[in-house]
Each structure stands twice: as structure tokens, then as C-alpha cells.
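Q: Next up, protein_27.txt (compact mmCIF, C-alpha atoms and all ligand atoms).
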# COMPACT_ATOMS: atom_id res chain seq x y z
CA MET A 1 0.00 0.00 0.00
CA LYS A 2 1.43 3.35 -1.03
CA ASN A 3 -0.32 5.24 1.73
CA ALA A 4 -0.78 3.59 5.09
CA ILE A 5 -0.86 4.18 8.80
CA ILE A 6 0.55 1.09 10.49
CA PHE A 7 0.32 0.54 14.23
CA LEU A 8 3.42 -1.28 15.49
CA GLY A 9 2.00 -1.02 18.96
CA THR A 10 -0.92 0.31 20.96
CA GLY A 11 0.41 -0.07 24.51
CA GLY A 12 0.47 3.01 26.72
CA ASP A 13 1.66 2.33 30.26
CA SER A 14 4.43 0.41 31.98
CA ILE A 15 2.21 -2.58 32.84
CA VAL A 16 0.87 -2.99 29.31
CA VAL A 17 4.24 -2.34 27.70
CA GLY A 18 6.24 -4.26 30.32
CA LYS A 19 4.25 -7.42 29.72
CA GLN A 20 3.73 -6.58 26.04
CA VAL A 21 -0.01 -7.10 26.51
CA ARG A 22 -0.02 -4.61 23.66
CA ALA A 23 3.11 -3.92 21.60
CA SER A 24 5.06 -0.65 21.75
CA GLY A 25 6.90 -0.31 18.44
CA GLY A 26 5.38 3.06 17.51
CA ILE A 27 3.40 4.12 14.45
CA VAL A 28 4.61 4.02 10.86
CA LEU A 29 3.18 6.42 8.31
CA ARG A 30 3.75 5.57 4.66
CA PHE A 31 2.99 8.51 2.45
CA GLY A 32 4.02 7.81 -1.14
CA ASP A 33 7.74 7.07 -1.09
CA ASN A 34 8.18 8.38 2.45
CA GLN A 35 8.19 6.26 5.55
CA PHE A 36 7.87 8.07 8.88
CA HIS A 37 8.34 6.15 12.11
CA ILE A 38 6.77 7.90 15.10
CA ASP A 39 7.66 7.14 18.72
CA PRO A 40 9.70 3.95 18.40
CA GLY A 41 9.19 2.45 21.85
CA PRO A 42 10.51 -0.86 23.25
CA GLY A 43 10.65 -3.49 20.50
CA ALA A 44 10.40 -1.09 17.56
CA VAL A 45 12.58 -3.13 15.19
CA VAL A 46 11.01 -6.41 16.35
CA ARG A 47 7.50 -5.13 15.62
CA ALA A 48 8.69 -3.63 12.32
CA LYS A 49 9.70 -7.14 11.23
CA GLN A 50 6.46 -8.64 12.56
CA TYR A 51 4.31 -6.20 10.62
CA ASP A 52 6.36 -6.14 7.39
CA VAL A 53 7.92 -2.73 7.78
CA ASN A 54 11.50 -2.43 6.52
CA PRO A 55 13.40 -0.07 8.85
CA ARG A 56 15.95 0.54 6.07
CA GLU A 57 13.24 2.37 4.17
CA THR A 58 12.65 4.86 6.97
CA THR A 59 12.75 8.44 5.70
CA ALA A 60 12.48 10.08 9.09
CA ILE A 61 12.09 9.15 12.73
CA LEU A 62 9.91 11.41 14.85
CA VAL A 63 9.85 11.31 18.63
CA SER A 64 7.27 13.29 20.58
CA HIS A 65 9.02 13.17 23.96
CA ASN A 66 11.83 11.61 25.91
CA HIS A 67 9.90 8.83 27.68
CA LEU A 68 10.81 5.17 27.41
CA ASN A 69 7.50 4.05 25.88
CA HIS A 70 8.12 6.49 23.04
CA ALA A 71 11.86 6.36 22.48
CA ALA A 72 13.47 3.17 23.85
CA GLY A 73 13.74 1.74 20.32
CA LEU A 74 15.21 4.89 18.84
CA ASN A 75 18.90 3.94 18.73
CA SER A 76 18.20 0.44 17.34
CA LEU A 77 15.97 1.96 14.67
CA ILE A 78 18.67 4.47 13.66
CA SER A 79 21.15 1.62 13.51
CA ALA A 80 18.81 -0.42 11.28
CA MET A 81 18.00 2.57 9.09
CA THR A 82 21.65 3.44 8.43
CA TYR A 83 23.37 0.03 8.68
CA SER A 84 24.99 1.51 11.74
CA GLY A 85 26.36 4.45 9.81
CA ILE A 86 27.68 2.66 6.71
CA ASP A 87 24.89 4.50 4.91
CA LYS A 88 24.50 7.80 6.73
CA ARG A 89 20.96 8.84 5.96
CA GLY A 90 17.54 9.80 7.25
CA VAL A 91 16.16 12.51 9.47
CA LEU A 92 15.60 12.53 13.22
CA ALA A 93 13.01 15.12 14.24
CA CYS A 94 12.06 15.20 17.89
CA ASP A 95 11.46 17.35 20.93
CA GLU A 96 14.36 19.11 22.64
CA GLU A 97 14.83 16.65 25.52
CA THR A 98 14.99 13.55 23.31
CA LEU A 99 17.82 15.15 21.37
CA HIS A 100 19.74 17.10 24.01
CA GLY A 101 18.48 15.86 27.37
CA SER A 102 17.59 18.14 30.25
CA VAL A 103 18.83 18.92 33.75
CA ASN A 104 17.15 15.75 35.00
CA GLU A 105 17.38 13.37 32.05
CA ASN A 106 19.76 11.99 29.48
CA PRO A 107 18.61 12.18 25.87
CA SER A 108 17.17 8.94 24.44
CA VAL A 109 19.37 9.21 21.36
CA SER A 110 23.01 8.37 22.02
CA LYS A 111 25.79 10.65 20.78
CA TYR A 112 26.96 7.88 18.50
CA HIS A 113 23.55 7.30 16.91
CA LYS A 114 22.93 11.00 16.51
CA GLY A 115 25.97 11.01 14.24
CA LEU A 116 24.54 8.32 11.95
CA VAL A 117 21.61 10.30 10.56
CA GLU A 118 21.88 12.82 7.76
CA ARG A 119 20.03 15.51 9.68
CA PHE A 120 18.64 15.93 13.18
CA ILE A 121 16.45 18.70 14.46
CA ALA A 122 14.78 19.61 17.75
CA LEU A 123 11.27 20.89 17.20
CA LYS A 124 9.13 23.19 19.30
CA PRO A 125 5.37 23.64 18.87
CA GLY A 126 4.67 25.64 15.72
CA MET A 127 7.95 24.80 13.99
CA LYS A 128 7.72 23.38 10.48
CA ILE A 129 9.96 21.09 8.50
CA GLY A 130 9.68 19.83 4.96
CA ILE A 131 10.75 16.29 4.23
CA ASN A 132 10.55 15.53 0.51
CA ASP A 133 6.98 16.38 -0.46
CA VAL A 134 5.56 16.21 3.07
CA ASN A 135 5.34 19.19 5.41
CA ILE A 136 5.37 18.50 9.12
CA ILE A 137 4.36 20.89 11.87
CA ALA A 138 5.14 20.26 15.53
CA THR A 139 2.00 20.67 17.62
CA ASN A 140 1.46 21.53 21.28
CA ALA A 141 1.40 18.72 23.81
CA LYS A 142 1.15 19.30 27.56
CA HIS A 143 3.02 16.34 28.98
CA THR A 144 6.74 16.93 29.54
CA ASP A 145 8.39 20.36 29.41
CA THR A 146 9.36 19.94 25.78
CA SER A 147 6.91 17.35 24.39
CA ILE A 148 5.20 17.85 21.04
CA GLY A 149 2.81 16.19 18.62
CA PHE A 150 3.06 16.04 14.83
CA LYS A 151 0.88 17.03 11.95
CA PHE A 152 1.66 15.80 8.44
CA TYR A 153 0.50 17.67 5.37
CA THR A 154 0.63 15.64 2.17
CA GLU A 155 -0.79 16.66 -1.19
CA ASN A 156 -3.94 14.61 -0.59
CA PHE A 157 -4.61 14.50 3.12
CA VAL A 158 -3.59 15.69 6.58
CA VAL A 159 -2.75 13.20 9.33
CA SER A 160 -2.15 14.27 12.92
CA TYR A 161 -0.72 12.64 16.02
CA VAL A 162 -1.53 14.28 19.35
CA SER A 163 0.84 12.15 21.48
CA ASP A 164 0.57 12.23 25.28
CA THR A 165 -1.06 15.43 26.44
CA ASP A 166 -3.60 17.10 28.67
CA TYR A 167 -6.71 18.38 26.99
CA CYS A 168 -6.21 22.08 26.20
CA LYS A 169 -7.47 24.64 23.72
CA GLU A 170 -4.20 24.54 21.76
CA LEU A 171 -4.91 20.91 21.01
CA VAL A 172 -8.08 21.83 19.16
CA GLU A 173 -6.47 24.73 17.31
CA ASP A 174 -3.46 22.68 16.22
CA HIS A 175 -5.35 19.66 14.91
CA GLN A 176 -8.49 21.27 13.57
CA ASP A 177 -7.98 20.74 9.82
CA ALA A 178 -6.68 17.17 10.01
CA ASP A 179 -8.50 14.41 8.12
CA VAL A 180 -7.22 11.69 10.40
CA ILE A 181 -6.17 12.20 14.03
CA ILE A 182 -4.31 9.59 16.05
CA ILE A 183 -5.12 10.09 19.72
CA ASN A 184 -3.28 8.71 22.72
CA CYS A 185 -6.23 7.84 24.94
CA LYS A 186 -4.60 6.19 27.93
CA TYR A 187 -7.65 6.10 30.21
CA PRO A 188 -11.35 5.24 29.95
CA LEU A 189 -14.20 7.44 31.11
CA GLY A 190 -13.89 8.44 34.78
CA LEU A 191 -10.14 7.98 35.21
CA THR A 192 -7.76 10.88 34.92
CA GLN A 193 -4.04 11.51 35.15
CA LYS A 194 -2.25 14.78 34.52
CA GLY A 195 -0.59 14.82 31.13
CA HIS A 196 -2.89 12.23 29.58
CA LEU A 197 -6.24 12.03 27.82
CA ASN A 198 -9.23 9.89 28.76
CA SER A 199 -12.38 9.10 26.79
CA GLU A 200 -14.15 12.17 28.13
CA ASP A 201 -11.34 14.46 26.94
CA VAL A 202 -11.47 12.78 23.54
CA VAL A 203 -15.19 13.62 23.21
CA LYS A 204 -14.49 17.28 24.05
CA PHE A 205 -11.59 17.33 21.61
CA LEU A 206 -13.43 15.66 18.72
CA GLU A 207 -16.52 17.84 19.09
CA LYS A 208 -14.30 20.75 18.13
CA ALA A 209 -11.52 19.26 16.00
CA LYS A 210 -13.92 17.34 13.71
CA PRO A 211 -11.61 15.03 11.74
CA LYS A 212 -13.02 12.42 9.34
CA LEU A 213 -11.42 9.65 11.34
CA ALA A 214 -10.14 9.44 14.92
CA ILE A 215 -7.97 6.48 15.89
CA LEU A 216 -7.47 5.78 19.59
CA THR A 217 -4.21 4.18 20.73
CA HIS A 218 -1.64 4.14 23.57
CA PHE A 219 -3.83 2.23 26.01
CA GLY A 220 -3.09 1.86 29.69
CA ILE A 221 -4.16 -1.22 31.63
CA LYS A 222 -7.34 0.47 32.92
CA MET A 223 -8.30 1.30 29.35
CA LEU A 224 -7.73 -2.31 28.30
CA ASP A 225 -9.86 -3.47 31.25
CA ALA A 226 -12.63 -1.13 30.13
CA ASP A 227 -12.09 -2.33 26.51
CA PRO A 228 -10.93 0.27 23.95
CA ILE A 229 -13.54 -0.95 21.42
CA TYR A 230 -16.33 -0.29 23.91
CA GLU A 231 -14.86 3.13 24.79
CA ALA A 232 -14.55 4.03 21.10
CA ARG A 233 -18.21 3.09 20.56
CA GLU A 234 -19.29 5.18 23.53
CA ILE A 235 -17.31 8.15 22.16
CA GLN A 236 -18.82 7.53 18.73
CA LYS A 237 -22.36 7.84 20.15
CA LYS A 238 -21.59 11.40 21.22
CA ILE A 239 -19.79 12.50 18.05
CA SER A 240 -21.28 12.91 14.60
CA ASN A 241 -19.34 13.22 11.34
CA THR A 242 -16.24 11.58 12.77
CA GLN A 243 -15.61 7.87 12.65
CA VAL A 244 -14.01 6.73 15.92
CA ILE A 245 -12.05 3.49 16.09
CA ALA A 246 -9.70 1.81 18.57
CA ALA A 247 -6.39 0.66 17.12
CA LYS A 248 -5.01 -2.81 17.68
CA ASP A 249 -1.48 -4.01 17.13
CA GLY A 250 -0.81 -4.38 13.41
CA LEU A 251 -3.78 -2.26 12.33
CA VAL A 252 -3.32 -0.73 8.88
CA VAL A 253 -5.43 2.26 7.83
CA ASN A 254 -5.41 3.86 4.38
CA PRO A 255 -5.63 7.62 4.95
CA VAL A 256 -6.63 8.29 1.34
CA SER A 257 -10.15 7.04 2.12
CA TYR A 258 -10.52 9.93 4.56
CA ALA A 259 -8.98 12.66 2.42
CA SER A 260 -11.26 15.66 2.29
CA SER A 261 -8.58 18.31 2.03
CA LEU A 262 -7.69 17.47 -1.57
CA LYS A 263 -11.25 18.07 -2.72
CA GLN A 264 -11.39 21.16 -0.58
CA ARG A 265 -8.15 22.53 -1.92
CA LYS A 266 -9.19 21.84 -5.48
CA LEU A 267 -12.48 23.58 -4.83
CA ASP A 268 -10.63 26.53 -3.35
CA ALA A 269 -8.48 26.78 -6.46
CA PHE A 270 -11.45 27.36 -8.77
ZN ZN B 301 5.02 10.10 28.16
Would you mind giving the structure from this file in C-alpha cells?
Ligand SMILES: [Zn+2]
A:
Amino acid sequence: MKNAIIFLGTGGDSIVVGKQVRASGGIVLRFGDNQFHIDPGPGAVVRAKQYDVNPRETTAILVSHNHLNHAAGLNSLISAMTYSGIDKRGVLACDEETLHGSVNENPSVSKYHKGLVERFIALKPGMKIGINDVNIIATNAKHTDTSIGFKFYTENFVVSYVSDTDYCKELVEDHQDADVIIINCKYPLGLTQKGHLNSEDVVKFLEKAKPKLAILTHFGIKMLDADPIYEAREIQKKISNTQVIAAKDGLVVNPVSYASSLKQRKLDAF
């Protein structure tokens, strides 16, 4: 498939990821000839193999923040992408802490592996980068001091990833014109934790953001107990004009089916 969103994992807390109840390899976006690997957590290269993703074909690796569930597979993925530097290539785009560390934390990328990519860049919310024919904007995420989400503009559609975040008005503003939004919904209705979304937040968010498709992922153990499919259905009942689904490991979605922006843009041109 030329365009695909592939879930190499849907696990979202240390219990789920630690036992690999759900995998944690990240999300791969294939847009034409580009392959973007978002948040390569523990087992990223293992899950890539399992779900027929060739890490050598990675165009860019994107990391939303410097937490283990999102970045533990980063160095192994860079190694696989570059044959450990024999073929220096690819882009690493991530938040500040993943690249440079902070007062309290080491960066997830090692100095050695940082040297193996063709280009690395630390992104802040609002910053834009162009990679081949895809434009990427870093979005706001209230989770760590430097964490971000990503929004991908292709010629035909817009796909967004909110990452771990609190619900906030910036979230709506940043993701409003996306056709497909991938949402880290760690908790079911009634359970909250600072820096994370639950099903209730997702309803509030979708009422305003109005994508064609919302895909829930990054499930904590309480969410799995509640059943993400049930939660997605309950969210769906409250939201019209957006299809709401719960991802499972290995899920492949073709974003072209949800492309409204192409038609819109073409209409605008006339
Ligand atoms: Zn996190």
C-alpha cells in the first residue's frame, strides 16, 4: 500500500508495555515514497519485522518526547535505518529533551547514533519542516516540558498525532484541519491523570476538532480493562461526522479514504 498508517504497537503504560499485553513499536506512516516512524518504543525493530515494515526504508524518525515508551527503540531503529552508519541517511526530528536531554534526564538518542543520521532537528510547537513532499508541523502537547505532537501535510490529506497530552485549547487549534487524528487515549471514562487524555477528553476534543477519522491508541491497563472498542463506541455515540475506532497491534489504515482536504483545496483553487 502506497499510503498507510501502520500501528506497530498500541500499549500506553508500563504494565501494558512491560508485559507486552499490547506492543510498543510506535506508528509508521507511509505517504508515497516516504516512511515516517513515530515514537519507536521498546521493541520497535522487532515489531517492524512482525508487521512487514522495513526499517531501512525509513525516511524520518519522529519522537514526541523523551519517555521510554516512546523512544526506547530509537537507537536500534537508527542503527537499522543506516546500517549503523555505513549508509548515513535519514532525518531525526524530535522534541528538545529527546535530542539534548535536560537537567534531570539523558537524551534517548546516544551521541553515536545521533551522528549516523543525515540531519537531526529539535522541534518546538509551531515549527515546520519539509521532508521531501511532506510538510510537518510540531504541535502543542502538555506532557513533559518539551513534548510535542506532529501534523503531516501531504498533497492529498492531513494526518495528525496528538501524542501524550492534557486536553487544552491549543490541542483543538493545532489539529483542527486534520482528516485523520491519532489520539493517545490512555484512560477510559472516569479515570484521569495529569498529562494524559481519557475518553471524556477525547469527546471534548473531537466535538471541536472534527476530523473524518479518529484512531485511539496508547492504552493503559485500565483502558484495556474497560475495553478500547467499547470506549470508542461510547465516544462515537456522542460524536457525529467523525468515525471513531480503537487501534489494535498491526492495524493498517489507508488515509486516502478519509482525504477531504484534496477536494477542498481543489475547490478553493477554482
Ligand atoms: Zn510520556
Q: Have a look at atom CA of Val252 of chain A and atom CA of Ala80 of chain A and let me know their distance in Å, one decimal.
A: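 These two atoms are separated by 22.3 Å.
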Q: Step by step, measure atom-to-atom distances between ligand ZN 301 (chain B) and each residue using all atoms listed in the file, keep those at most 9 Å, then write them as a ChimeraX atom specification.
A: /A:12-13,64-70,143-144,147,163-165,195-196
Q: Skipping near chain neighbours, those fewer than 4 positions away, what residues fall within 7 Å of Ala214 of chain A using all atoms listed in the file, listed as number ranges by chain?
A: A: 180-183, 242-245
Q: Can you list, as a PyMOL selection string, every protein, DNA or RNA residue that comes within 9 Å of Ile137 of chain A when you count only C-alpha atoms, leaving out same-chain residues fewer than 5 positions away?
A: chain A and resi 123+125-130+149-153
Q: Just need the box for segment 185-193 of chain A, edges along x, y and z, holding every atom the file lists for it with 4 Å tacked onto each side, so centre and edge lengths in Å to one decimal, as JSON.
A:
{"center_x": -9.1, "center_y": 8.4, "center_z": 30.1, "size_x": 18.2, "size_y": 14.3, "size_z": 18.3}
Q: Quick one: of A:Met223, A:Ala232, A:Leu171, A:Val256, who's nearest to Gly190 of chain A, counting only C-alpha atoms?
A: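 Checking each of A:Met223, A:Ala232, A:Leu171, A:Val256 against Gly190 of chain A, counting only C-alpha atoms, the winner is A:Met223.
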Q: Please work out which residues fall within 12 Å of (21.1, 19.4, 22.9), coordinates as given in the file, with all atoms listed in the file counting, and return them as a compact mmCIF listing (two decimals) with C-alpha atoms, in the coordinates of the input.
A:
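Writing done, so here's point-v3.txt:
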# COMPACT_ATOMS: atom_id res chain seq x y z
CA CYS A 94 12.06 15.20 17.89
CA ASP A 95 11.46 17.35 20.93
CA GLU A 96 14.36 19.11 22.64
CA GLU A 97 14.83 16.65 25.52
CA THR A 98 14.99 13.55 23.31
CA LEU A 99 17.82 15.15 21.37
CA HIS A 100 19.74 17.10 24.01
CA GLY A 101 18.48 15.86 27.37
CA SER A 102 17.59 18.14 30.25
CA VAL A 103 18.83 18.92 33.75
CA GLU A 105 17.38 13.37 32.05
CA ASN A 106 19.76 11.99 29.48
CA PRO A 107 18.61 12.18 25.87
CA SER A 108 17.17 8.94 24.44
CA VAL A 109 19.37 9.21 21.36
CA SER A 110 23.01 8.37 22.02
CA LYS A 111 25.79 10.65 20.78
CA LYS A 114 22.93 11.00 16.51
CA PHE A 120 18.64 15.93 13.18
CA ILE A 121 16.45 18.70 14.46
CA ALA A 122 14.78 19.61 17.75
CA LEU A 123 11.27 20.89 17.20
Q: Looking at all atoms listed in the file, which of A:Gly25, A:Tyr161, A:Gln176, A:Val91 is the one that sits closest to Gln50 of chain A?
A: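 When distances to Gln50 of chain A are compared using all atoms listed in the file, the smallest one comes from A:Gly25.
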Q: Using all atoms listed in the file, what residues lie at most 10 Å away from (-5.1, 0.0, 23.7) (file coordinates), given as a ChimeraX atom specification?
A: /A:9-13,16,21-23,184-187,216-229,246-249
Q: Can you work out the spacing between atom CA of Ile38 of chain A and atom CA of Gly26 of chain A in Å, to one decimal?
A: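 Pair atom CA of Ile38 of chain A / atom CA of Gly26 of chain A returns 5.6 Å.
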Q: Measure the distance from atom CA of Gln193 of chain A to atom CA of Glu231 of chain A in Å and round it to one decimal.
A: 17.2 Å
Q: With all atoms listed in the file as the basis for distance, which of A:Val203, A:Glu234, A:Leu29, A:Lys19 is at the shortest distance from Leu251 of chain A?
A: A:Leu29
Q: Of the residues A:Ser14, A:Gln35, A:Ser257, A:Gln236, which is the one nearest to Val158 of chain A, using only C-alpha atoms?
A: A:Ser257
Q: Pick out the closest residue to Ala178 of chain A from this set: A:Ser76, A:Asn132, A:Ser260, A:Asn198. Count all atoms listed in the file.
A: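 Closest to Ala178 of chain A, using all atoms listed in the file: A:Ser260.
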Q: I'd like the neighbourhood of Asn54 of chain A as a ChimeraX atom specification, where a residue qualifies if any of its atoms comes within 9 Å (using all atoms listed in the file), though same-chain residues fewer than 4 positions away should be ignored.
A: /A:45,48-49,58,80-81
Q: For Asp87 of chain A, find every residue with an atom within 12 Å (counting all atoms listed in the file), except residues of its own chain fewer than 5 positions away, and show them as a PyMOL selection string.
A: chain A and resi 56-57+78-82+115-118
